[in-house]
Amino acid sequence: MKTLPAYAEKPELAELLDKVPLLPAEKAAEPQTTCVTGATSTIGAHVVRRLLRAGHTVHAPVRGSETTADVAYLKAMPGAERLKLFYGVDLLVEGSYDAAMVGCASVIHVASPFYLTGSKKNLKNKLIDPAIKGTENVLNSCSRTPTVKRVICTGTVLVACCDFRPSIEDKGWTVNNDMWYGDCSPTDFPYVYSKRAAEKRSLEIAAAQSQWTLTTLLVGGCFGPMCAPNGQGVVPMFQKYIRGGLFWPACPPMGFPVHDIRDVAVMHSLAMTSDVTGRYITPQKWGTFKACCDGLKSDSRTSKCMLPFFT
């Protein structure tokens, strides 16, 4: 079997990743064993890291094998002696997550594809089906595991609202936990459609059983230092498009809800150890495309890219 070289975290990276200290509620929580799906994703990796720091045992089902470089950084995380990896899982395969959930008190379901465009066939096969059927399969595995009593699902605030234009005229306009954005389909806002359909399905499955409780966190765009060294994920993809001239020569006066990825991990950690149930929009603020461009413009490494002159 091919052996991967050991991955060692640089101290300056570890300092950035662990900048947000553990909260008193996290320190006081009883250690438990939890399963985190999507552990190699941008959000999932930070959730795994946070839970390990808080003293929990984490089961991390991943798509790759033991020889996949994508998992090396997980093994190098502080507290990795309490991390157990389960290889070769597939969102579309019923029962694929069963083994990873054995002995777990909770499950944090992060895994869900992210695509904005593509052919109808690819969007169905790579985005919509894994989101909906994947949620079904993961939650069915929860129901087959008697120790699982709590489930946290990572959703998106765009399912609550994907059109923020009313705020232009009404400065008091707000988005709340009870809102659902319905103007989406497999061809119009397919990502939002996939997350909306998956969340609706999770509510149906949760309502049909009494073994575990469900909490859904509606997060925004997640930015900040990445755990993975391979430069994959939504943030590097977004930066790539901006550096390539997406907003050149002018940047539209638009934006989206954002927050620090490390804060998102905190919210998952608190949700896992609390008794709250239901649907919650996590604290976030409005970030503009111009602010993203200005950040790249202020860095000498990216200042000469095709960034906008004006908005």
# chains A, B, ... in the order shown; residues from 1 in each chain; ligands from 1
call {"tool": "closest_atom_pairs", "arguments": {"of": "range 158-183 of chain A", "to": "range 280-287 of chain A", "cutoff": "12 Å", "atoms": "only C-alpha atoms", "output": "Markdown table"}}
result
| residue | atom | partner | partner_atom | distance |
| --- | --- | --- | --- | --- |
| A:Leu158 | CA | A:Ile281 | CA | 10.0 |
| A:Val159 | CA | A:Ile281 | CA | 10.2 |
| A:Ala160 | CA | A:Ile281 | CA | 8.4 |
| A:Cys161 | CA | A:Ile281 | CA | 10.6 |
| A:Phe164 | CA | A:Trp286 | CA | 10.3 |
| A:Ser167 | CA | A:Trp286 | CA | 11.4 |
| A:Thr174 | CA | A:Ile281 | CA | 11.5 |
| A:Val175 | CA | A:Ile281 | CA | 8.6 |
| A:Asn176 | CA | A:Ile281 | CA | 7.2 |
| A:Asn177 | CA | A:Tyr280 | CA | 5.5 |
| A:Asp178 | CA | A:Tyr280 | CA | 8.8 |
| A:Met179 | CA | A:Ile281 | CA | 10.1 |
| A:Trp180 | CA | A:Ile281 | CA | 11.8 |
call {"tool": "residues_around", "arguments": {"residues": "range 20-23 of chain A", "least_positions_apart": "2", "cutoff": "7 Å", "atoms": "only C-alpha atoms", "output": "ChimeraX atom specification"}}
result
/A:18,25-27,54,262
call {"tool": "residues_around", "arguments": {"residues": "Arg196 in chain A", "least_positions_apart": "6", "cutoff": "12 Å", "atoms": "only C-alpha atoms", "output": "VMD selection string"}}
result
chain A and resid 112 128 131 to 132 135 154 to 162 179 to 186 189 to 190 202 to 203 216 218
call {"tool": "write_last_selection", "arguments": {"atoms": "N, CA, C and O atoms", "output": "tab-separated table (two decimals), in the first residue's frame"}}
result
chain	number	residue	atom	x	y	z
A	112	SER	N	-22.38	18.26	1.04
A	112	SER	CA	-23.33	18.63	0.00
A	112	SER	C	-22.55	19.31	-1.11
A	112	SER	O	-21.72	20.18	-0.84
A	128	ILE	N	-27.90	18.01	-7.54
A	128	ILE	CA	-29.24	17.84	-6.97
A	128	ILE	C	-29.42	16.47	-6.33
A	128	ILE	O	-29.87	16.36	-5.17
A	131	ALA	N	-27.40	16.02	-3.11
A	131	ALA	CA	-27.93	16.84	-2.01
A	131	ALA	C	-29.17	16.20	-1.40
A	131	ALA	O	-29.27	16.07	-0.17
A	132	ILE	N	-30.11	15.80	-2.24
A	132	ILE	CA	-31.38	15.27	-1.74
A	132	ILE	C	-31.24	13.82	-1.29
A	132	ILE	O	-31.55	13.47	-0.14
A	135	THR	N	-28.90	13.42	1.66
A	135	THR	CA	-29.54	13.74	2.93
A	135	THR	C	-30.41	12.58	3.40
A	135	THR	O	-30.39	12.20	4.58
A	154	THR	N	-26.18	21.32	7.95
A	154	THR	CA	-25.67	22.60	7.47
A	154	THR	C	-26.45	23.01	6.23
A	154	THR	O	-26.37	22.37	5.19
A	155	GLY	N	-27.23	24.08	6.36
A	155	GLY	CA	-27.98	24.61	5.24
A	155	GLY	C	-27.38	25.91	4.76
A	155	GLY	O	-26.26	26.28	5.12
A	156	THR	N	-28.12	26.63	3.95
A	156	THR	CA	-27.66	27.93	3.47
A	156	THR	C	-28.74	28.98	3.67
A	156	THR	O	-29.94	28.70	3.51
A	157	VAL	N	-28.34	30.19	4.02
A	157	VAL	CA	-29.28	31.29	4.21
A	157	VAL	C	-30.01	31.62	2.91
A	157	VAL	O	-31.11	32.19	2.93
A	158	LEU	N	-29.44	31.24	1.78
A	158	LEU	CA	-30.08	31.51	0.49
A	158	LEU	C	-31.39	30.75	0.35
A	158	LEU	O	-32.25	31.12	-0.46
A	159	VAL	N	-31.58	29.70	1.13
A	159	VAL	CA	-32.85	28.97	1.12
A	159	VAL	C	-33.94	29.82	1.78
A	159	VAL	O	-35.12	29.71	1.44
A	160	ALA	N	-33.54	30.66	2.72
A	160	ALA	CA	-34.49	31.58	3.36
A	160	ALA	C	-34.76	32.78	2.46
A	160	ALA	O	-35.90	33.23	2.34
A	161	CYS	N	-33.73	33.28	1.82
A	161	CYS	CA	-33.89	34.42	0.93
A	161	CYS	C	-32.72	34.51	-0.02
A	161	CYS	O	-31.57	34.47	0.40
A	162	CYS	N	-33.03	34.63	-1.30
A	162	CYS	CA	-31.99	34.75	-2.32
A	162	CYS	C	-32.08	36.08	-3.07
A	162	CYS	O	-31.32	36.33	-3.99
A	179	MET	N	-38.57	32.09	6.86
A	179	MET	CA	-38.71	32.41	5.44
A	179	MET	C	-38.17	31.29	4.55
A	179	MET	O	-37.21	30.60	4.90
A	180	TRP	N	-38.82	31.11	3.39
A	180	TRP	CA	-38.38	30.13	2.39
A	180	TRP	C	-38.38	30.82	1.03
A	180	TRP	O	-39.37	31.45	0.65
A	181	TYR	N	-37.28	30.70	0.32
A	181	TYR	CA	-37.20	31.28	-1.02
A	181	TYR	C	-37.68	30.24	-2.03
A	181	TYR	O	-37.11	29.16	-2.15
A	182	GLY	N	-38.77	30.56	-2.74
A	182	GLY	CA	-39.37	29.57	-3.62
A	182	GLY	C	-39.09	29.74	-5.09
A	182	GLY	O	-39.42	28.87	-5.90
A	183	ASP	N	-38.47	30.88	-5.47
A	183	ASP	CA	-38.26	31.15	-6.89
A	183	ASP	C	-36.98	30.51	-7.40
A	183	ASP	O	-36.06	31.18	-7.86
A	184	CYS	N	-36.89	29.18	-7.29
A	184	CYS	CA	-35.72	28.45	-7.76
A	184	CYS	C	-36.17	27.11	-8.32
A	184	CYS	O	-37.24	26.61	-7.98
A	185	SER	N	-35.35	26.54	-9.17
A	185	SER	CA	-35.69	25.28	-9.83
A	185	SER	C	-34.39	24.59	-10.22
A	185	SER	O	-33.30	25.15	-10.03
A	186	PRO	N	-34.47	23.39	-10.79
A	186	PRO	CA	-33.23	22.71	-11.22
A	186	PRO	C	-32.43	23.49	-12.26
A	186	PRO	O	-31.24	23.25	-12.44
A	189	PHE	N	-31.17	29.01	-10.33
A	189	PHE	CA	-30.55	28.88	-9.02
A	189	PHE	C	-30.50	27.42	-8.58
A	189	PHE	O	-31.06	27.04	-7.52
A	190	PRO	N	-29.89	26.54	-9.35
A	190	PRO	CA	-29.90	25.10	-9.03
A	190	PRO	C	-29.29	24.77	-7.68
A	190	PRO	O	-29.75	23.83	-7.02
A	202	SER	N	-35.20	16.72	4.83
A	202	SER	CA	-34.73	16.44	6.19
A	202	SER	C	-35.83	16.68	7.21
A	202	SER	O	-35.95	15.94	8.20
A	203	LEU	N	-36.64	17.70	6.99
A	203	LEU	CA	-37.75	17.98	7.91
A	203	LEU	C	-38.79	16.86	7.86
A	203	LEU	O	-39.35	16.48	8.90
A	216	THR	N	-31.11	22.83	12.06
A	216	THR	CA	-30.53	23.25	10.78
A	216	THR	C	-29.92	24.63	10.93
A	216	THR	O	-30.59	25.56	11.41
A	218	LEU	N	-28.46	27.80	8.95
A	218	LEU	CA	-28.46	28.43	7.64
A	218	LEU	C	-27.28	29.40	7.57
A	218	LEU	O	-27.34	30.51	8.10
call {"tool": "closest_residue", "arguments": {"among": "A:Leu214, A:Ala8, A:Met226, A:Val89", "to": "Gly278 in chain A", "atoms": "only C-alpha atoms"}}
result
A:Leu214
call {"tool": "closest_residue", "arguments": {"among": "A:Cys222, A:Met306, A:Leu127, A:Cys104", "to": "Val148 in chain A", "atoms": "only C-alpha atoms"}}
result
A:Cys104
call {"tool": "atom_distance", "arguments": {"atom1": "CA of Thr117 in chain A", "atom2": "CA of Pro130 in chain A"}}
result
15.6 Å
call {"tool": "closest_residue", "arguments": {"among": "A:Ile168, A:Thr34, A:Phe114, A:Ala198", "to": "Thr147 in chain A", "atoms": "only C-alpha atoms"}}
result
A:Thr34
call {"tool": "closest_residue", "arguments": {"among": "A:Pro249, A:Gly64, A:Gly55, A:Pro229", "to": "Tyr7 in chain A", "atoms": "only C-alpha atoms"}}
result
A:Pro229
call {"tool": "closest_residue", "arguments": {"among": "A:Met254, A:Val264, A:Ala271, A:Leu16", "to": "Gly44 in chain A", "atoms": "only C-alpha atoms"}}
result
A:Val264
call {"tool": "closest_residue", "arguments": {"among": "A:Ala14, A:Val58, A:Val258, A:Cys251", "to": "Phe310 in chain A", "atoms": "only C-alpha atoms"}}
result
A:Cys251
call {"tool": "residues_around", "arguments": {"residues": "Thr273 in chain A", "least_positions_apart": "6", "cutoff": "10 Å", "atoms": "only C-alpha atoms", "output": "ChimeraX atom specification"}}
result
/A:25-26,28-32,106,150
call {"tool": "residues_around", "arguments": {"residues": "Thr187 in chain A", "least_positions_apart": "4", "cutoff": "12 Å", "atoms": "only C-alpha atoms", "output": "list in words"}}
result
Tyr115, Leu116, Thr117, Gly118, Ser119, Lys120, Lys121, Asn122, Leu123, Lys124, Leu127, Ile128, Asp183, Tyr191, Val192, Tyr193 and Ser194 of chain A
call {"tool": "select_by_dssp", "arguments": {"residues": "range 31-148 of chain A", "states": "alpha helix (DSSP H)", "output": "VMD selection string"}}
result
chain A and resid 42 to 53 72 to 75 98 to 101 120 to 123 129 to 143
call {"tool": "residues_around", "arguments": {"residues": "range 84-86 of chain A", "least_positions_apart": "4", "cutoff": "6 Å", "atoms": "only C-alpha atoms", "output": "PyMOL selection string"}}
result
chain A and resi 59-61
call {"tool": "write_last_selection", "arguments": {"atoms": "N, CA and C atoms", "output": "mmCIF file, in the first residue's frame"}}
result
data_model
loop_
_atom_site.group_PDB
_atom_site.id
_atom_site.type_symbol
_atom_site.label_atom_id
_atom_site.label_comp_id
_atom_site.auth_asym_id
_atom_site.auth_seq_id
_atom_site.Cartn_x
_atom_site.Cartn_y
_atom_site.Cartn_z
ATOM 1 N N HIS A 59 -15.825 10.956 14.307
ATOM 2 C CA HIS A 59 -15.810 9.982 13.218
ATOM 3 C C HIS A 59 -15.990 10.761 11.920
ATOM 4 N N ALA A 60 -15.051 10.609 10.996
ATOM 5 C CA ALA A 60 -15.071 11.387 9.764
ATOM 6 C C ALA A 60 -15.127 10.477 8.542
ATOM 7 N N PRO A 61 -16.313 10.258 7.971
ATOM 8 C CA PRO A 61 -16.419 9.489 6.734
ATOM 9 C C PRO A 61 -15.972 10.341 5.547
#
call {"tool": "atom_distance", "arguments": {"atom1": "CA of Cys142 in chain A", "atom2": "CA of Asp260 in chain A"}}
result
29.2 Å
